[in-house]
Every structure is written in structure tokens, then in C-alpha cells.
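Enquirer: Contents of work.csv (CSV, C-alpha atoms):
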chain,number,residue,atom,x,y,z
A,1,MET,CA,77.4,96.5,121.1
A,2,LEU,CA,79.7,97.6,123.9
A,3,VAL,CA,82.3,95.1,125.2
A,4,LEU,CA,83.4,95.7,128.7
A,5,ILE,CA,86.3,93.7,130.1
A,6,SER,CA,88.2,93.8,133.3
A,7,THR,CA,92.0,93.8,132.7
A,8,ASP,CA,93.0,93.4,136.4
A,9,PHE,CA,93.9,89.7,135.8
A,10,LEU,CA,95.8,90.2,132.6
A,11,ASN,CA,99.5,91.0,131.9
A,12,LYS,CA,100.4,94.0,129.7
A,13,GLU,CA,100.5,92.0,126.4
A,14,GLU,CA,97.2,90.2,127.2
A,15,THR,CA,95.6,93.5,128.1
A,16,SER,CA,96.7,95.1,124.8
A,17,SER,CA,95.5,92.1,122.7
A,18,SER,CA,92.2,91.9,124.6
A,19,LEU,CA,91.5,95.6,124.2
A,20,CYS,CA,92.5,95.5,120.6
A,21,LEU,CA,90.0,92.6,120.0
A,22,SER,CA,87.3,94.5,121.9
A,23,GLU,CA,87.8,97.6,119.7
A,24,LEU,CA,87.8,95.4,116.5
A,25,ILE,CA,84.6,93.7,117.6
A,26,GLN,CA,82.9,97.0,118.4
A,27,THR,CA,84.0,98.6,115.1
A,28,GLU,CA,83.0,95.6,113.0
A,29,PHE,CA,79.7,95.3,114.8
A,30,HIS,CA,78.8,98.9,114.0
A,31,HIS,CA,79.9,98.4,110.4
A,32,VAL,CA,77.8,95.3,109.9
A,33,ARG,CA,74.9,97.1,111.5
A,34,THR,CA,75.3,100.0,109.0
A,35,LEU,CA,75.4,97.6,106.1
A,36,ARG,CA,72.3,95.8,107.4
A,37,ILE,CA,70.4,99.1,107.6
A,38,MET,CA,71.4,100.0,104.1
A,39,GLU,CA,70.2,96.6,102.9
A,40,GLY,CA,67.2,96.0,105.1
A,41,VAL,CA,65.7,99.5,105.4
A,42,TYR,CA,66.8,101.4,102.3
A,43,ARG,CA,67.6,98.9,99.5
A,44,ARG,CA,64.7,96.5,100.4
A,45,GLY,CA,62.4,99.4,101.0
A,46,MET,CA,63.2,101.0,97.6
A,47,LEU,CA,62.5,97.6,95.9
A,48,ASP,CA,59.4,96.5,97.9
A,49,ASP,CA,57.8,99.7,99.1
A,50,VAL,CA,58.8,102.2,96.4
A,51,MET,CA,59.0,99.6,93.7
A,52,LEU,CA,62.0,101.0,92.0
A,53,GLU,CA,63.5,98.9,89.2
A,54,ALA,CA,66.1,96.5,90.6
A,55,ALA,CA,68.8,97.9,88.2
A,56,VAL,CA,68.3,101.4,89.7
A,57,VAL,CA,68.5,100.2,93.3
A,58,HIS,CA,71.6,98.1,92.4
A,59,THR,CA,73.2,101.2,91.0
A,60,ILE,CA,72.5,103.1,94.2
A,61,PHE,CA,73.8,100.3,96.4
A,62,PRO,CA,76.5,98.4,94.5
A,63,CYS,CA,78.2,95.3,96.1
A,64,LEU,CA,76.1,95.6,99.2
A,65,ASP,CA,75.4,91.8,99.6
A,66,GLN,CA,79.1,91.0,99.1
A,67,LEU,CA,80.2,93.6,101.6
A,68,LEU,CA,77.7,92.5,104.2
A,69,GLU,CA,78.8,88.9,103.8
A,70,LEU,CA,82.5,89.9,104.0
A,71,HIS,CA,82.1,91.9,107.2
A,72,SER,CA,79.6,89.5,108.8
A,73,SER,CA,82.0,86.7,108.4
A,74,PHE,CA,84.9,88.7,109.9
A,75,LEU,CA,82.7,89.7,112.8
A,76,SER,CA,81.8,86.1,113.4
A,77,GLU,CA,85.5,85.1,113.5
A,78,LEU,CA,86.2,87.9,116.0
A,79,LEU,CA,83.4,86.9,118.2
A,80,LYS,CA,84.5,83.2,118.1
A,81,ARG,CA,88.0,84.2,119.1
A,82,ARG,CA,86.6,86.2,122.0
A,83,SER,CA,84.4,83.3,123.2
A,84,GLU,CA,87.4,80.9,123.0
A,85,GLY,CA,89.2,83.1,125.5
A,86,LEU,CA,86.4,83.6,128.0
A,87,GLN,CA,87.5,83.1,131.6
A,88,ASP,CA,85.7,80.4,133.5
A,89,GLY,CA,82.5,81.7,135.0
A,90,SER,CA,82.5,85.0,133.1
A,91,SER,CA,80.7,86.3,130.1
A,92,THR,CA,82.8,89.4,129.7
A,93,ASN,CA,86.4,88.7,130.9
A,94,PHE,CA,88.5,87.1,128.2
A,95,THR,CA,92.2,86.6,127.4
A,96,VAL,CA,93.3,86.8,123.8
A,97,CYS,CA,96.5,84.9,123.0
A,98,ARG,CA,96.3,85.1,119.2
A,99,LEU,CA,94.9,87.9,117.1
A,100,ALA,CA,97.4,88.3,114.2
A,101,ASP,CA,96.2,85.1,112.5
A,102,LEU,CA,92.7,86.6,112.1
A,103,LEU,CA,94.0,89.9,110.8
A,104,LEU,CA,96.4,88.2,108.4
A,105,ARG,CA,93.6,86.0,107.1
A,106,GLN,CA,91.3,89.0,106.6
A,107,PHE,CA,93.7,91.6,105.3
A,108,SER,CA,96.3,89.7,103.2
A,109,GLY,CA,96.2,87.5,100.1
A,110,GLN,CA,93.0,86.6,98.3
A,111,PRO,CA,90.6,88.0,101.0
A,112,ALA,CA,92.4,91.4,100.9
A,113,GLU,CA,92.3,91.5,97.1
A,114,GLU,CA,88.6,90.7,97.2
A,115,MET,CA,88.0,93.4,99.8
A,116,LYS,CA,89.9,96.0,97.7
A,117,LYS,CA,87.9,95.0,94.6
A,118,LEU,CA,84.6,95.3,96.4
A,119,TYR,CA,85.4,98.7,98.0
A,120,SER,CA,86.9,100.0,94.8
A,121,GLU,CA,83.7,99.2,92.9
A,122,PHE,CA,81.5,100.5,95.8
A,123,CYS,CA,83.4,103.8,96.1
A,124,SER,CA,84.0,104.3,92.4
A,125,ARG,CA,80.3,104.1,91.7
A,126,HIS,CA,79.5,106.6,94.4
A,127,PRO,CA,79.2,109.7,92.1
A,128,LYS,CA,76.9,107.8,89.7
A,129,ALA,CA,74.8,106.5,92.7
A,130,VAL,CA,74.4,110.0,94.1
A,131,LYS,CA,73.5,111.5,90.8
A,132,LEU,CA,70.9,108.7,90.1
A,133,TYR,CA,69.5,108.9,93.6
A,134,LYS,CA,69.0,112.7,93.3
A,135,GLU,CA,67.3,112.3,89.8
A,136,VAL,CA,65.0,109.6,91.0
A,137,LEU,CA,64.2,111.5,94.3
A,138,SER,CA,63.4,114.7,92.4
A,139,ARG,CA,60.8,113.0,90.2
A,140,ASP,CA,59.4,110.0,92.2
A,141,ARG,CA,56.8,110.9,94.8
A,142,ARG,CA,56.9,107.4,96.2
A,143,LEU,CA,60.6,107.7,97.0
A,144,GLN,CA,60.1,111.1,98.5
A,145,GLN,CA,57.4,109.7,100.8
A,146,PHE,CA,59.5,106.6,101.6
A,147,ILE,CA,62.4,108.8,102.7
A,148,ARG,CA,60.1,111.1,104.6
A,149,VAL,CA,58.5,108.3,106.7
A,150,ARG,CA,61.6,106.2,107.4
A,151,PRO,CA,62.6,106.0,111.0
A,152,ALA,CA,65.9,107.7,111.3
A,153,PRO,CA,67.4,107.4,114.8
A,154,SER,CA,70.0,110.1,115.1
A,155,ASP,CA,72.8,107.7,115.7
A,156,LEU,CA,72.0,105.2,112.9
A,157,LEU,CA,71.3,107.2,109.8
A,158,PRO,CA,74.4,109.5,109.7
A,159,VAL,CA,76.6,106.5,110.4
A,160,CYS,CA,74.9,104.4,107.7
A,161,LEU,CA,75.1,107.1,105.1
A,162,SER,CA,78.7,108.0,105.9
A,163,LEU,CA,79.8,104.5,104.9
A,164,SER,CA,80.5,105.5,101.4
A,165,GLY,CA,81.1,109.2,102.0
A,166,MET,CA,77.4,110.0,101.9
A,167,MET,CA,76.2,112.2,104.7
A,168,SER,CA,72.8,113.8,105.3
A,169,THR,CA,72.0,116.5,107.7
A,170,ASN,CA,68.3,116.1,107.1
A,171,PRO,CA,67.3,112.5,106.2
A,172,LYS,CA,63.8,113.7,105.4
A,173,VAL,CA,65.1,115.8,102.5
A,174,ALA,CA,67.7,113.5,100.9
A,175,LEU,CA,69.9,110.5,101.6
A,176,TRP,CA,72.9,112.2,100.2
A,177,ASN,CA,74.1,115.8,99.9
Please, can you express the file's structure as C-alpha cells?
Expert:
Amino acid sequence: MLVLISTDFLNKEETSSSLCLSELIQTEFHHVRTLRIMEGVYRRGMLDDVMLEAAVVHTIFPCLDQLLELHSSFLSELLKRRSEGLQDGSSTNFTVCRLADLLLRQFSGQPAEEMKKLYSEFCSRHPKAVKLYKEVLSRDRRLQQFIRVRPAPSDLLPVCLSLSGMMSTNPKVALWN
């Protein structure tokens, strides 16, 4: 999702806020897309196509549903704020008067604690997830085949896998190094 805006009609503060919101929307959009790929392609495929045990798949993708909900909700709020500021007759030009309230709501208090908890769990389980994934991949032909035939657009898979520090230079060999 690329958000283009014309800043010709905005003052310096409005331009800064609008560009900041555009950047937040684009970043959050890509993050939600990454989480959806992890959930819809990899996790669901490992459960339905490969028929791995749910406990194994949950170990490989901990907290995924909660993270997807958290970021989808934040993206929704950002998009709502942008639509509230749309200029009459335009679908791309908008003025943002308030942004700090969304950021405070997302990154302070209980929501911030929840986010820290989720990401702490997600990241702390990374070594175990990688180890388990490699073990299962080495012995399960169904998983090997699943990984081999997954569509892996060059711009999606590396971004998806980098979410938790997992990068792959060859998605047909392994999800993680």
C-alpha cells in the first residue's frame, strides 16, 4: 500500500503530521501483511496441508493470532484517522490535526504492556521455534514438499521471515537459517 499525498495545500506542521501518518500507515500495512502471510500461508498450511500437530505449529508461530489482532486494530485506527482528514473531493489528500492520541493509546499504559508481553514471548521463543522447525523439516517429507512448492514472491517471503529475526536466502531449502 503506497499512500501518496500532495502537501501543497498544507502548512509545515500539517505536512509533517500527514507525512508521519502516511509512513505509519505504510509500515503498519506491511507488518499486518507479513503477519497474515505467516498465519494464512505458513501456519495454516502446516496445519491443513502438512498436517503437523497443532502444538508443533504453535511452537513455531507463538502469539501469532494476538499479534495479528493487535496490529490490525492499530492499522484500522490509522486508516480511520486518515479518512477523517480527507479533503473534499479527494481520495488521497488529507490533513491530520491529531496523531499523538493514537500513538499514546497504542504505545502507553495497558496496550503497551500487552504489546511488550506478546513480543517478549514471540521473540524469546524464537530459538526453540527455529530448532523445532529444523528438526521437523529434516525428517518430514510433507513439510519439505510444502516449503518447496510455496509461492515465494521475492518481496514477501524475506520480509515475512525477518519479522522475528528469521531470514532465508533460499525459501525452498528452509524457512530459517
Enquirer: Applying 10 Å and only C-alpha atoms, which residues near Cys63 (chain A) remain after dropping the ones on its own chain fewer than 4 positions away? List them as a ChimeraX atom specification.
Expert: /A:58-59,67-68,117-123
Enquirer: Please compute the CA of Ser22 (chain A)-CA of Leu78 (chain A) distance, one decimal, in Å.
Expert: 8.9 Å
Enquirer: Grab the CA of Ser76 (chain A) to CA of Leu24 (chain A) distance for me, in Å with one decimal place.
Expert: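 Atom-to-atom, CA of Ser76 (chain A) to CA of Leu24 (chain A), that is 11.5 Å.
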Enquirer: Quick one: residues within 7 Å of region 42-57 of chain A, all atoms listed in the file counted, chain neighbours fewer than 5 positions away excluded, as a list in words?
Expert: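 The residues satisfying every condition are Ile37, Arg142, Leu143 and Phe146 of chain A.
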